[in-house]
file start.pdb (PDB, C-alpha atoms, pLDDT in the B column)
ATOM      1  CA  MET A   1     -25.062 -28.530   1.983  1.00 48.00           C
ATOM      2  CA  GLY A   2     -26.166 -24.883   1.857  1.00 69.00           C
ATOM      3  CA  ARG A   3     -26.356 -22.880  -1.299  1.00 82.00           C
ATOM      4  CA  PRO A   4     -26.019 -19.144  -0.687  1.00 74.00           C
ATOM      5  CA  SER A   5     -27.613 -18.335  -4.048  1.00 80.00           C
ATOM      6  CA  ARG A   6     -30.846 -20.027  -2.945  1.00 90.00           C
ATOM      7  CA  VAL A   7     -31.363 -17.811   0.116  1.00 91.00           C
ATOM      8  CA  ARG A   8     -33.896 -15.066  -0.641  1.00 94.00           C
ATOM      9  CA  VAL A   9     -33.736 -11.853   1.324  1.00 96.00           C
ATOM     10  CA  THR A  10     -36.799  -9.620   1.234  1.00 95.00           C
ATOM     11  CA  GLY A  11     -37.423  -6.358   3.040  1.00 96.00           C
ATOM     12  CA  PRO A  12     -35.078  -3.508   3.849  1.00 97.00           C
ATOM     13  CA  LEU A  13     -31.882  -5.580   3.634  1.00 97.00           C
ATOM     14  CA  ALA A  14     -32.691  -7.076   0.227  1.00 97.00           C
ATOM     15  CA  PRO A  15     -30.638  -4.534  -1.762  1.00 97.00           C
ATOM     16  CA  HIS A  16     -27.533  -5.560   0.192  1.00 97.00           C
ATOM     17  CA  ALA A  17     -27.905  -9.357   0.024  1.00 97.00           C
ATOM     18  CA  ALA A  18     -25.980  -9.935  -3.216  1.00 96.00           C
ATOM     19  CA  GLY A  19     -23.053  -7.821  -2.044  1.00 96.00           C
ATOM     20  CA  PHE A  20     -23.023  -9.571   1.318  1.00 96.00           C
ATOM     21  CA  ARG A  21     -23.071 -12.960  -0.422  1.00 95.00           C
ATOM     22  CA  GLN A  22     -20.081 -11.909  -2.515  1.00 96.00           C
ATOM     23  CA  ALA A  23     -18.220 -10.534   0.521  1.00 95.00           C
ATOM     24  CA  LEU A  24     -18.719 -13.819   2.388  1.00 95.00           C
ATOM     25  CA  THR A  25     -17.340 -15.764  -0.570  1.00 93.00           C
ATOM     26  CA  GLN A  26     -14.323 -13.457  -0.806  1.00 95.00           C
ATOM     27  CA  GLN A  27     -13.671 -13.913   2.905  1.00 95.00           C
ATOM     28  CA  GLY A  28     -13.543 -17.685   2.435  1.00 94.00           C
ATOM     29  CA  TYR A  29     -16.842 -18.688   4.001  1.00 93.00           C
ATOM     30  CA  THR A  30     -17.932 -22.178   3.027  1.00 94.00           C
ATOM     31  CA  PRO A  31     -21.231 -22.416   1.124  1.00 94.00           C
ATOM     32  CA  HIS A  32     -22.930 -23.783   4.245  1.00 93.00           C
ATOM     33  CA  SER A  33     -21.623 -20.978   6.492  1.00 93.00           C
ATOM     34  CA  ALA A  34     -22.475 -18.331   3.897  1.00 94.00           C
ATOM     35  CA  SER A  35     -26.008 -19.733   3.643  1.00 95.00           C
ATOM     36  CA  SER A  36     -26.384 -19.540   7.416  1.00 95.00           C
ATOM     37  CA  GLN A  37     -25.258 -15.911   7.432  1.00 96.00           C
ATOM     38  CA  LEU A  38     -27.628 -15.064   4.593  1.00 97.00           C
ATOM     39  CA  GLN A  39     -30.511 -16.820   6.357  1.00 96.00           C
ATOM     40  CA  LEU A  40     -29.764 -14.693   9.415  1.00 97.00           C
ATOM     41  CA  MET A  41     -29.796 -11.615   7.172  1.00 98.00           C
ATOM     42  CA  ALA A  42     -33.125 -12.712   5.682  1.00 97.00           C
ATOM     43  CA  HIS A  43     -34.654 -13.174   9.133  1.00 97.00           C
ATOM     44  CA  THR A  44     -33.303  -9.812  10.296  1.00 98.00           C
ATOM     45  CA  SER A  45     -34.745  -8.132   7.216  1.00 97.00           C
ATOM     46  CA  ARG A  46     -38.172  -9.728   7.720  1.00 97.00           C
ATOM     47  CA  TRP A  47     -38.128  -8.637  11.363  1.00 97.00           C
ATOM     48  CA  LEU A  48     -37.196  -5.065  10.412  1.00 97.00           C
ATOM     49  CA  ALA A  49     -40.007  -4.983   7.849  1.00 97.00           C
ATOM     50  CA  GLY A  50     -42.481  -6.393  10.372  1.00 96.00           C
ATOM     51  CA  CYS A  51     -41.538  -3.663  12.843  1.00 96.00           C
ATOM     52  CA  GLY A  52     -41.746  -0.968  10.184  1.00 97.00           C
ATOM     53  CA  LEU A  53     -38.028  -0.197  10.526  1.00 96.00           C
ATOM     54  CA  GLY A  54     -35.439   0.651   7.920  1.00 95.00           C
ATOM     55  CA  VAL A  55     -31.825  -0.454   7.599  1.00 95.00           C
ATOM     56  CA  GLY A  56     -30.540   2.706   9.284  1.00 94.00           C
ATOM     57  CA  GLU A  57     -32.490   1.842  12.414  1.00 95.00           C
ATOM     58  CA  LEU A  58     -30.533  -1.360  13.049  1.00 95.00           C
ATOM     59  CA  THR A  59     -28.830   0.022  16.152  1.00 92.00           C
ATOM     60  CA  PRO A  60     -27.187  -2.134  18.836  1.00 91.00           C
ATOM     61  CA  ASP A  61     -30.373  -1.910  20.913  1.00 92.00           C
ATOM     62  CA  ARG A  62     -32.459  -3.048  17.935  1.00 95.00           C
ATOM     63  CA  VAL A  63     -30.046  -5.925  17.344  1.00 95.00           C
ATOM     64  CA  GLU A  64     -30.636  -7.060  20.932  1.00 94.00           C
ATOM     65  CA  GLU A  65     -34.405  -6.763  20.398  1.00 96.00           C
ATOM     66  CA  PHE A  66     -34.139  -8.865  17.263  1.00 96.00           C
ATOM     67  CA  LEU A  67     -32.059 -11.519  19.014  1.00 95.00           C
ATOM     68  CA  ALA A  68     -34.560 -11.667  21.890  1.00 95.00           C
ATOM     69  CA  HIS A  69     -37.336 -12.089  19.303  1.00 96.00           C
ATOM     70  CA  ARG A  70     -35.309 -14.819  17.604  1.00 95.00           C
ATOM     71  CA  ARG A  71     -34.875 -16.692  20.887  1.00 94.00           C
ATOM     72  CA  ALA A  72     -38.580 -16.320  21.680  1.00 95.00           C
ATOM     73  CA  GLU A  73     -39.423 -17.775  18.261  1.00 95.00           C
ATOM     74  CA  GLY A  74     -37.548 -20.939  19.253  1.00 95.00           C
ATOM     75  CA  TYR A  75     -34.430 -20.574  17.124  1.00 94.00           C
ATOM     76  CA  THR A  76     -31.469 -22.471  18.540  1.00 93.00           C
ATOM     77  CA  LEU A  77     -28.636 -21.079  16.409  1.00 93.00           C
ATOM     78  CA  TRP A  78     -27.266 -17.584  15.765  1.00 93.00           C
ATOM     79  CA  LEU A  79     -28.677 -16.103  18.957  1.00 94.00           C
ATOM     80  CA  SER A  80     -25.899 -13.761  20.084  1.00 92.00           C
ATOM     81  CA  ALA A  81     -24.550 -10.404  18.974  1.00 90.00           C
ATOM     82  CA  LYS A  82     -21.421 -12.247  17.849  1.00 93.00           C
ATOM     83  CA  ALA A  83     -23.492 -14.059  15.207  1.00 94.00           C
ATOM     84  CA  MET A  84     -24.492 -10.685  13.769  1.00 95.00           C
ATOM     85  CA  VAL A  85     -20.906  -9.387  13.420  1.00 94.00           C
ATOM     86  CA  PRO A  86     -20.327 -10.402   9.762  1.00 96.00           C
ATOM     87  CA  MET A  87     -23.585  -8.862   8.556  1.00 97.00           C
ATOM     88  CA  LEU A  88     -23.325  -5.723  10.684  1.00 95.00           C
ATOM     89  CA  GLY A  89     -19.679  -5.272   9.712  1.00 94.00           C
ATOM     90  CA  TYR A  90     -20.610  -5.449   6.050  1.00 95.00           C
ATOM     91  CA  LEU A  91     -23.536  -3.034   6.450  1.00 96.00           C
ATOM     92  CA  ARG A  92     -21.458  -0.611   8.538  1.00 93.00           C
ATOM     93  CA  GLY A  93     -18.784  -0.725   5.859  1.00 93.00           C
ATOM     94  CA  LEU A  94     -21.420   0.460   3.402  1.00 94.00           C
ATOM     95  CA  GLY A  95     -22.467   3.185   5.812  1.00 93.00           C
ATOM     96  CA  VAL A  96     -26.092   2.046   5.938  1.00 94.00           C
ATOM     97  CA  VAL A  97     -26.092   0.904   9.566  1.00 93.00           C
ATOM     98  CA  PRO A  98     -24.971   3.208  12.388  1.00 89.00           C
ATOM     99  CA  THR A  99     -21.664   2.430  14.034  1.00 85.00           C
ATOM    100  CA  PRO A 100     -22.082   2.048  17.800  1.00 80.00           C
ATOM    101  CA  ALA A 101     -20.463   4.721  19.917  1.00 72.00           C
ATOM    102  CA  GLU A 102     -17.356   3.595  21.731  1.00 68.00           C
ATOM    103  CA  PRO A 103     -18.065   3.580  25.454  1.00 68.00           C
ATOM    104  CA  GLY A 104     -15.695   5.840  27.306  1.00 62.00           C
ATOM    105  CA  PRO A 105     -14.337   5.239  30.774  1.00 63.00           C
ATOM    106  CA  ALA A 106     -17.131   5.708  33.281  1.00 71.00           C
ATOM    107  CA  SER A 107     -15.273   6.363  36.504  1.00 80.00           C
ATOM    108  CA  GLU A 108     -12.178   8.335  37.433  1.00 82.00           C
ATOM    109  CA  ALA A 109     -10.356   5.061  38.122  1.00 80.00           C
ATOM    110  CA  GLU A 110     -11.209   3.801  34.629  1.00 83.00           C
ATOM    111  CA  LYS A 111     -10.005   7.074  33.100  1.00 84.00           C
ATOM    112  CA  LEU A 112      -6.735   6.782  34.992  1.00 86.00           C
ATOM    113  CA  GLN A 113      -6.344   3.152  33.900  1.00 88.00           C
ATOM    114  CA  GLU A 114      -6.901   4.171  30.268  1.00 87.00           C
ATOM    115  CA  HIS A 115      -4.223   6.874  30.553  1.00 89.00           C
ATOM    116  CA  TYR A 116      -1.899   4.328  32.150  1.00 90.00           C
ATOM    117  CA  ARG A 117      -2.586   1.841  29.343  1.00 88.00           C
ATOM    118  CA  ALA A 118      -1.821   4.502  26.730  1.00 89.00           C
ATOM    119  CA  TYR A 119       1.413   5.366  28.559  1.00 90.00           C
ATOM    120  CA  LEU A 120       2.484   1.719  28.699  1.00 91.00           C
ATOM    121  CA  VAL A 121       1.842   1.231  24.988  1.00 87.00           C
ATOM    122  CA  GLN A 122       2.988   4.551  23.555  1.00 89.00           C
ATOM    123  CA  GLU A 123       5.764   5.698  25.880  1.00 89.00           C
ATOM    124  CA  ARG A 124       7.121   2.427  27.197  1.00 90.00           C
ATOM    125  CA  GLY A 125       6.390   0.350  24.092  1.00 89.00           C
ATOM    126  CA  LEU A 126       5.391  -2.709  26.111  1.00 87.00           C
ATOM    127  CA  ALA A 127       3.959  -5.863  24.560  1.00 87.00           C
ATOM    128  CA  ALA A 128       0.214  -6.466  24.801  1.00 85.00           C
ATOM    129  CA  ASP A 129       0.558  -9.317  27.344  1.00 88.00           C
ATOM    130  CA  THR A 130       2.758  -7.145  29.559  1.00 90.00           C
ATOM    131  CA  VAL A 131       0.264  -4.278  29.391  1.00 88.00           C
ATOM    132  CA  VAL A 132      -2.528  -6.656  30.432  1.00 89.00           C
ATOM    133  CA  SER A 133      -0.470  -7.782  33.427  1.00 91.00           C
ATOM    134  CA  TYR A 134       0.364  -4.219  34.469  1.00 92.00           C
ATOM    135  CA  LEU A 135      -3.286  -3.173  34.161  1.00 91.00           C
ATOM    136  CA  HIS A 136      -4.367  -6.134  36.284  1.00 91.00           C
ATOM    137  CA  VAL A 137      -2.059  -4.982  39.079  1.00 91.00           C
ATOM    138  CA  ALA A 138      -3.311  -1.398  38.684  1.00 88.00           C
ATOM    139  CA  ARG A 139      -6.934  -2.578  39.005  1.00 87.00           C
ATOM    140  CA  LEU A 140      -6.074  -4.474  42.178  1.00 88.00           C
ATOM    141  CA  PHE A 141      -4.410  -1.346  43.545  1.00 87.00           C
ATOM    142  CA  PHE A 142      -7.431   0.824  42.739  1.00 82.00           C
ATOM    143  CA  ALA A 143      -9.798  -1.735  44.254  1.00 82.00           C
ATOM    144  CA  ALA A 144      -7.784  -1.779  47.467  1.00 84.00           C
ATOM    145  CA  ARG A 145      -7.708   2.013  47.626  1.00 80.00           C
ATOM    146  CA  GLY A 146     -11.433   2.394  47.042  1.00 67.00           C
TER     147      GLY A 146
END
call {"tool": "encode", "arguments": {"input": "start.pdb", "output": "C-alpha coordinates"}}
result
Amino acid sequence: MGRPSRVRVTGPLAPHAAGFRQALTQQGYTPHSASSQLQLMAHTSRWLAGCGLGVGELTPDRVEEFLAHRRAEGYTLWLSAKAMVPMLGYLRGLGVVPTPAEPGPASEAEKLQEHYRAYLVQERGLAADTVVSYLHVARLFFAARG
(Lines of atoms letter the chains of each structure in order from A and count residues from 1; the text may use other names and numbers.)
(Lines give C-alpha, C1' and ligand atoms only; values in the text may rest on other atoms or scores of the structure.)
Protein backbone atom coordinates (compact mmCIF):
# COMPACT_ATOMS: atom_id res chain seq x y z
CA MET A 1 0.00 0.00 0.00
CA GLY A 2 1.30 3.48 -0.87
CA ARG A 3 2.40 5.98 1.68
CA PRO A 4 2.13 9.56 0.43
CA SER A 5 4.56 10.79 3.08
CA ARG A 6 7.31 8.60 1.60
CA VAL A 7 7.16 10.17 -1.87
CA ARG A 8 9.95 12.73 -2.31
CA VAL A 9 9.47 15.53 -4.78
CA THR A 10 12.58 17.41 -5.87
CA GLY A 11 12.90 20.22 -8.39
CA PRO A 12 10.59 23.10 -9.17
CA LEU A 13 7.45 21.44 -7.79
CA ALA A 14 9.01 20.51 -4.44
CA PRO A 15 7.67 23.57 -2.57
CA HIS A 16 4.12 22.54 -3.48
CA ALA A 17 4.31 18.81 -2.65
CA ALA A 18 3.24 19.03 1.00
CA GLY A 19 0.24 21.19 0.16
CA PHE A 20 -0.74 18.88 -2.67
CA ARG A 21 -0.44 15.87 -0.35
CA GLN A 22 -2.74 17.59 2.14
CA ALA A 23 -5.23 18.58 -0.58
CA LEU A 24 -5.41 14.98 -1.81
CA THR A 25 -6.10 13.75 1.71
CA GLN A 26 -8.82 16.36 2.20
CA GLN A 27 -10.42 15.32 -1.08
CA GLY A 28 -10.63 11.72 0.15
CA TYR A 29 -7.90 10.12 -1.93
CA THR A 30 -6.80 6.77 -0.56
CA PRO A 31 -3.14 6.53 0.51
CA HIS A 32 -2.37 4.46 -2.59
CA SER A 33 -4.04 6.93 -4.98
CA ALA A 34 -2.42 9.90 -3.24
CA SER A 35 0.98 8.21 -3.56
CA SER A 36 0.40 7.68 -7.28
CA GLN A 37 -0.49 11.34 -7.75
CA LEU A 38 2.57 12.44 -5.79
CA GLN A 39 4.80 10.10 -7.80
CA LEU A 40 3.42 11.71 -10.95
CA MET A 41 4.20 15.12 -9.44
CA ALA A 42 7.73 13.97 -8.60
CA HIS A 43 8.30 12.74 -12.15
CA THR A 44 6.89 15.96 -13.61
CA SER A 45 9.16 18.01 -11.36
CA ARG A 46 12.25 16.00 -12.34
CA TRP A 47 11.34 16.42 -16.01
CA LEU A 48 10.88 20.18 -15.60
CA ALA A 49 14.25 20.43 -13.85
CA GLY A 50 15.92 18.34 -16.56
CA CYS A 51 14.54 20.66 -19.23
CA GLY A 52 15.56 23.75 -17.29
CA LEU A 53 11.93 24.83 -16.88
CA GLY A 54 10.14 26.40 -13.96
CA VAL A 55 6.67 25.75 -12.57
CA GLY A 56 5.18 28.67 -14.49
CA GLU A 57 6.22 27.06 -17.76
CA LEU A 58 3.99 24.02 -17.26
CA THR A 59 1.63 24.99 -20.08
CA PRO A 60 -0.76 22.57 -21.80
CA ASP A 61 1.80 22.08 -24.58
CA ARG A 62 4.51 21.29 -22.02
CA VAL A 63 2.17 18.83 -20.31
CA GLU A 64 1.76 17.01 -23.63
CA GLU A 65 5.56 17.01 -24.08
CA PHE A 66 5.98 15.55 -20.62
CA LEU A 67 3.38 12.85 -21.26
CA ALA A 68 5.05 11.93 -24.56
CA HIS A 69 8.37 11.69 -22.68
CA ARG A 70 6.69 9.54 -20.03
CA ARG A 71 5.33 7.16 -22.67
CA ALA A 72 8.73 7.00 -24.39
CA GLU A 73 10.33 6.10 -21.05
CA GLY A 74 8.09 3.02 -20.91
CA TYR A 75 5.64 4.09 -18.21
CA THR A 76 2.32 2.28 -18.47
CA LEU A 77 0.20 4.32 -16.05
CA TRP A 78 -0.76 8.00 -15.81
CA LEU A 79 -0.13 8.73 -19.48
CA SER A 80 -2.97 11.10 -20.36
CA ALA A 81 -3.80 14.73 -19.65
CA LYS A 82 -6.64 13.45 -17.47
CA ALA A 83 -4.07 11.94 -15.09
CA MET A 84 -2.55 15.40 -14.63
CA VAL A 85 -5.85 17.10 -13.71
CA PRO A 86 -5.54 16.83 -9.89
CA MET A 87 -2.00 18.21 -9.83
CA LEU A 88 -2.62 20.92 -12.42
CA GLY A 89 -5.86 21.92 -10.71
CA TYR A 90 -4.04 22.31 -7.42
CA LEU A 91 -1.19 24.29 -8.98
CA ARG A 92 -3.59 26.51 -10.96
CA GLY A 93 -5.50 27.15 -7.75
CA LEU A 94 -2.26 28.48 -6.28
CA GLY A 95 -1.71 30.60 -9.37
CA VAL A 96 1.70 29.09 -10.12
CA VAL A 97 0.71 27.32 -13.34
CA PRO A 98 -0.96 29.18 -16.22
CA THR A 99 -4.62 28.47 -16.84
CA PRO A 100 -5.19 27.38 -20.44
CA ALA A 101 -7.14 29.78 -22.60
CA GLU A 102 -10.67 28.67 -23.36
CA PRO A 103 -10.93 27.91 -27.06
CA GLY A 104 -13.56 30.04 -28.71
CA PRO A 105 -15.79 28.97 -31.56
CA ALA A 106 -13.70 28.68 -34.70
CA SER A 107 -16.28 28.94 -37.45
CA GLU A 108 -19.39 31.02 -37.99
CA ALA A 109 -21.51 27.89 -37.56
CA GLU A 110 -19.87 27.19 -34.19
CA LYS A 111 -20.46 30.79 -33.10
CA LEU A 112 -24.11 30.51 -34.06
CA GLN A 113 -24.42 27.19 -32.21
CA GLU A 114 -22.90 28.79 -29.09
CA HIS A 115 -25.41 31.66 -29.26
CA TYR A 116 -28.20 29.12 -29.72
CA ARG A 117 -26.96 27.12 -26.72
CA ALA A 118 -26.89 30.27 -24.58
CA TYR A 119 -30.43 31.12 -25.72
CA LEU A 120 -31.70 27.64 -24.87
CA VAL A 121 -30.16 27.77 -21.40
CA GLN A 122 -30.72 31.39 -20.43
CA GLU A 123 -33.93 32.38 -22.21
CA ARG A 124 -35.75 29.09 -22.48
CA GLY A 125 -34.38 27.54 -19.29
CA LEU A 126 -34.10 24.08 -20.83
CA ALA A 127 -32.49 21.12 -19.07
CA ALA A 128 -28.97 20.10 -20.07
CA ASP A 129 -30.11 16.89 -21.83
CA THR A 130 -32.68 18.85 -23.85
CA VAL A 131 -30.07 21.42 -24.86
CA VAL A 132 -27.77 18.62 -26.04
CA SER A 133 -30.58 17.19 -28.17
CA TYR A 134 -31.45 20.58 -29.67
CA LEU A 135 -27.79 21.28 -30.46
CA HIS A 136 -27.45 17.89 -32.14
CA VAL A 137 -30.32 18.75 -34.48
CA ALA A 138 -28.81 22.20 -35.12
CA ARG A 139 -25.46 20.61 -36.05
CA LEU A 140 -27.21 18.27 -38.48
CA PHE A 141 -28.98 21.26 -40.01
CA PHE A 142 -25.74 23.21 -40.40
CA ALA A 143 -23.98 20.19 -41.89
CA ALA A 144 -26.75 19.78 -44.46
CA ARG A 145 -26.65 23.47 -45.35
CA GLY A 146 -22.88 23.56 -45.76
call {"tool": "closest_residue", "arguments": {"input": "start.pdb", "among": "A:Leu91, A:Ala128, A:Ser36, A:Glu65", "to": "Ala14 of chain A", "atoms": "only C-alpha atoms"}}
result
A:Leu91
call {"tool": "atom_distance", "arguments": {"input": "start.pdb", "atom1": "atom CA of Pro15 of chain A", "atom2": "atom CA of Gly74 of chain A"}}
result
27.5 Å
call {"tool": "closest_residue", "arguments": {"input": "start.pdb", "among": "A:Ala101, A:Ala81, A:Gly11, A:Arg145", "to": "Gly52 of chain A", "atoms": "all atoms listed in the file"}}
result
A:Gly11
call {"tool": "resolve_selection", "arguments": {"input": "start.pdb", "expression": "the PyMOL selection byres ((chain A and resi 109) around 10)", "output": "list in words"}}
result
Pro105, Ala106, Ser107, Glu108, Glu110, Lys111, Leu112, Gln113, Glu114, His115, Ala138, Arg139, Phe142, Ala143 and Gly146 of chain A
call {"tool": "atom_distance", "arguments": {"input": "start.pdb", "atom1": "atom CA of Ser5 of chain A", "atom2": "atom CA of Ser35 of chain A"}}
result
8.0 Å
call {"tool": "closest_residue", "arguments": {"input": "start.pdb", "among": "A:Ala23, A:Leu88, A:Leu77, A:Leu13", "to": "Thr59 of chain A", "atoms": "all atoms listed in the file"}}
result
A:Leu88
call {"tool": "closest_residue", "arguments": {"input": "start.pdb", "among": "A:Gly19, A:Gly28, A:Pro60, A:Gly54", "to": "Leu94 of chain A", "atoms": "all atoms listed in the file"}}
result
A:Gly19
call {"tool": "closest_residue", "arguments": {"input": "start.pdb", "among": "A:Ser80, A:His16, A:Gln22, A:Val9", "to": "Ser45 of chain A", "atoms": "all atoms listed in the file"}}
result
A:Val9
call {"tool": "atom_distance", "arguments": {"input": "start.pdb", "atom1": "atom CA of Pro98 of chain A", "atom2": "atom CA of Gly50 of chain A"}}
result
20.1 Å
call {"tool": "closest_residue", "arguments": {"input": "start.pdb", "among": "A:Glu57, A:Arg117, A:Arg8, A:Phe20", "to": "His43 of chain A", "atoms": "all atoms listed in the file"}}
result
A:Arg8
call {"tool": "build_atoms", "arguments": {"input": "start.pdb", "residues": "segment 27-41 of chain A", "atoms": "N, CA, C and O atoms", "output": "PDB file, in the frame of the given file"}}
result
ATOM      1  N   GLN A  27     -14.295 -13.708   1.600  1.00 95.00           N
ATOM      2  CA  GLN A  27     -13.671 -13.913   2.905  1.00 95.00           C
ATOM      3  C   GLN A  27     -13.419 -15.388   3.197  1.00 95.00           C
ATOM      4  O   GLN A  27     -12.879 -15.725   4.241  1.00 95.00           O
ATOM      5  N   GLY A  28     -13.823 -16.270   2.274  1.00 94.00           N
ATOM      6  CA  GLY A  28     -13.543 -17.685   2.435  1.00 94.00           C
ATOM      7  C   GLY A  28     -14.592 -18.480   3.181  1.00 94.00           C
ATOM      8  O   GLY A  28     -14.326 -19.605   3.607  1.00 94.00           O
ATOM      9  N   TYR A  29     -15.772 -17.930   3.350  1.00 93.00           N
ATOM     10  CA  TYR A  29     -16.842 -18.688   4.001  1.00 93.00           C
ATOM     11  C   TYR A  29     -17.202 -19.886   3.133  1.00 93.00           C
ATOM     12  O   TYR A  29     -17.251 -19.784   1.905  1.00 93.00           O
ATOM     13  N   THR A  30     -17.464 -21.012   3.768  1.00 94.00           N
ATOM     14  CA  THR A  30     -17.932 -22.178   3.027  1.00 94.00           C
ATOM     15  C   THR A  30     -19.357 -21.910   2.560  1.00 94.00           C
ATOM     16  O   THR A  30     -20.050 -21.050   3.134  1.00 94.00           O
ATOM     17  N   PRO A  31     -19.842 -22.628   1.557  1.00 94.00           N
ATOM     18  CA  PRO A  31     -21.231 -22.416   1.124  1.00 94.00           C
ATOM     19  C   PRO A  31     -22.239 -22.583   2.261  1.00 94.00           C
ATOM     20  O   PRO A  31     -23.194 -21.811   2.367  1.00 94.00           O
ATOM     21  N   HIS A  32     -22.008 -23.563   3.130  1.00 93.00           N
ATOM     22  CA  HIS A  32     -22.930 -23.783   4.245  1.00 93.00           C
ATOM     23  C   HIS A  32     -22.920 -22.590   5.209  1.00 93.00           C
ATOM     24  O   HIS A  32     -23.980 -22.097   5.625  1.00 93.00           O
ATOM     25  N   SER A  33     -21.723 -22.114   5.570  1.00 93.00           N
ATOM     26  CA  SER A  33     -21.623 -20.978   6.492  1.00 93.00           C
ATOM     27  C   SER A  33     -22.193 -19.714   5.871  1.00 93.00           C
ATOM     28  O   SER A  33     -22.871 -18.931   6.549  1.00 93.00           O
ATOM     29  N   ALA A  34     -21.930 -19.499   4.590  1.00 94.00           N
ATOM     30  CA  ALA A  34     -22.475 -18.331   3.897  1.00 94.00           C
ATOM     31  C   ALA A  34     -23.997 -18.398   3.870  1.00 94.00           C
ATOM     32  O   ALA A  34     -24.673 -17.382   4.090  1.00 94.00           O
ATOM     33  N   SER A  35     -24.546 -19.570   3.634  1.00 95.00           N
ATOM     34  CA  SER A  35     -26.008 -19.733   3.643  1.00 95.00           C
ATOM     35  C   SER A  35     -26.585 -19.390   5.008  1.00 95.00           C
ATOM     36  O   SER A  35     -27.624 -18.731   5.101  1.00 95.00           O
ATOM     37  N   SER A  36     -25.914 -19.837   6.060  1.00 95.00           N
ATOM     38  CA  SER A  36     -26.384 -19.540   7.416  1.00 95.00           C
ATOM     39  C   SER A  36     -26.383 -18.037   7.671  1.00 95.00           C
ATOM     40  O   SER A  36     -27.339 -17.490   8.241  1.00 95.00           O
ATOM     41  N   GLN A  37     -25.328 -17.362   7.251  1.00 96.00           N
ATOM     42  CA  GLN A  37     -25.258 -15.911   7.432  1.00 96.00           C
ATOM     43  C   GLN A  37     -26.350 -15.203   6.632  1.00 96.00           C
ATOM     44  O   GLN A  37     -26.963 -14.247   7.103  1.00 96.00           O
ATOM     45  N   LEU A  38     -26.585 -15.670   5.419  1.00 97.00           N
ATOM     46  CA  LEU A  38     -27.628 -15.064   4.593  1.00 97.00           C
ATOM     47  C   LEU A  38     -29.026 -15.350   5.140  1.00 97.00           C
ATOM     48  O   LEU A  38     -29.922 -14.507   5.045  1.00 97.00           O
ATOM     49  N   GLN A  39     -29.220 -16.521   5.727  1.00 96.00           N
ATOM     50  CA  GLN A  39     -30.511 -16.820   6.357  1.00 96.00           C
ATOM     51  C   GLN A  39     -30.739 -15.899   7.560  1.00 96.00           C
ATOM     52  O   GLN A  39     -31.861 -15.438   7.797  1.00 96.00           O
ATOM     53  N   LEU A  40     -29.662 -15.632   8.297  1.00 97.00           N
ATOM     54  CA  LEU A  40     -29.764 -14.693   9.415  1.00 97.00           C
ATOM     55  C   LEU A  40     -30.101 -13.293   8.891  1.00 97.00           C
ATOM     56  O   LEU A  40     -30.933 -12.587   9.469  1.00 97.00           O
ATOM     57  N   MET A  41     -29.484 -12.907   7.782  1.00 98.00           N
ATOM     58  CA  MET A  41     -29.796 -11.615   7.172  1.00 98.00           C
ATOM     59  C   MET A  41     -31.262 -11.576   6.734  1.00 98.00           C
ATOM     60  O   MET A  41     -31.948 -10.563   6.942  1.00 98.00           O
TER      61      MET A  41
END
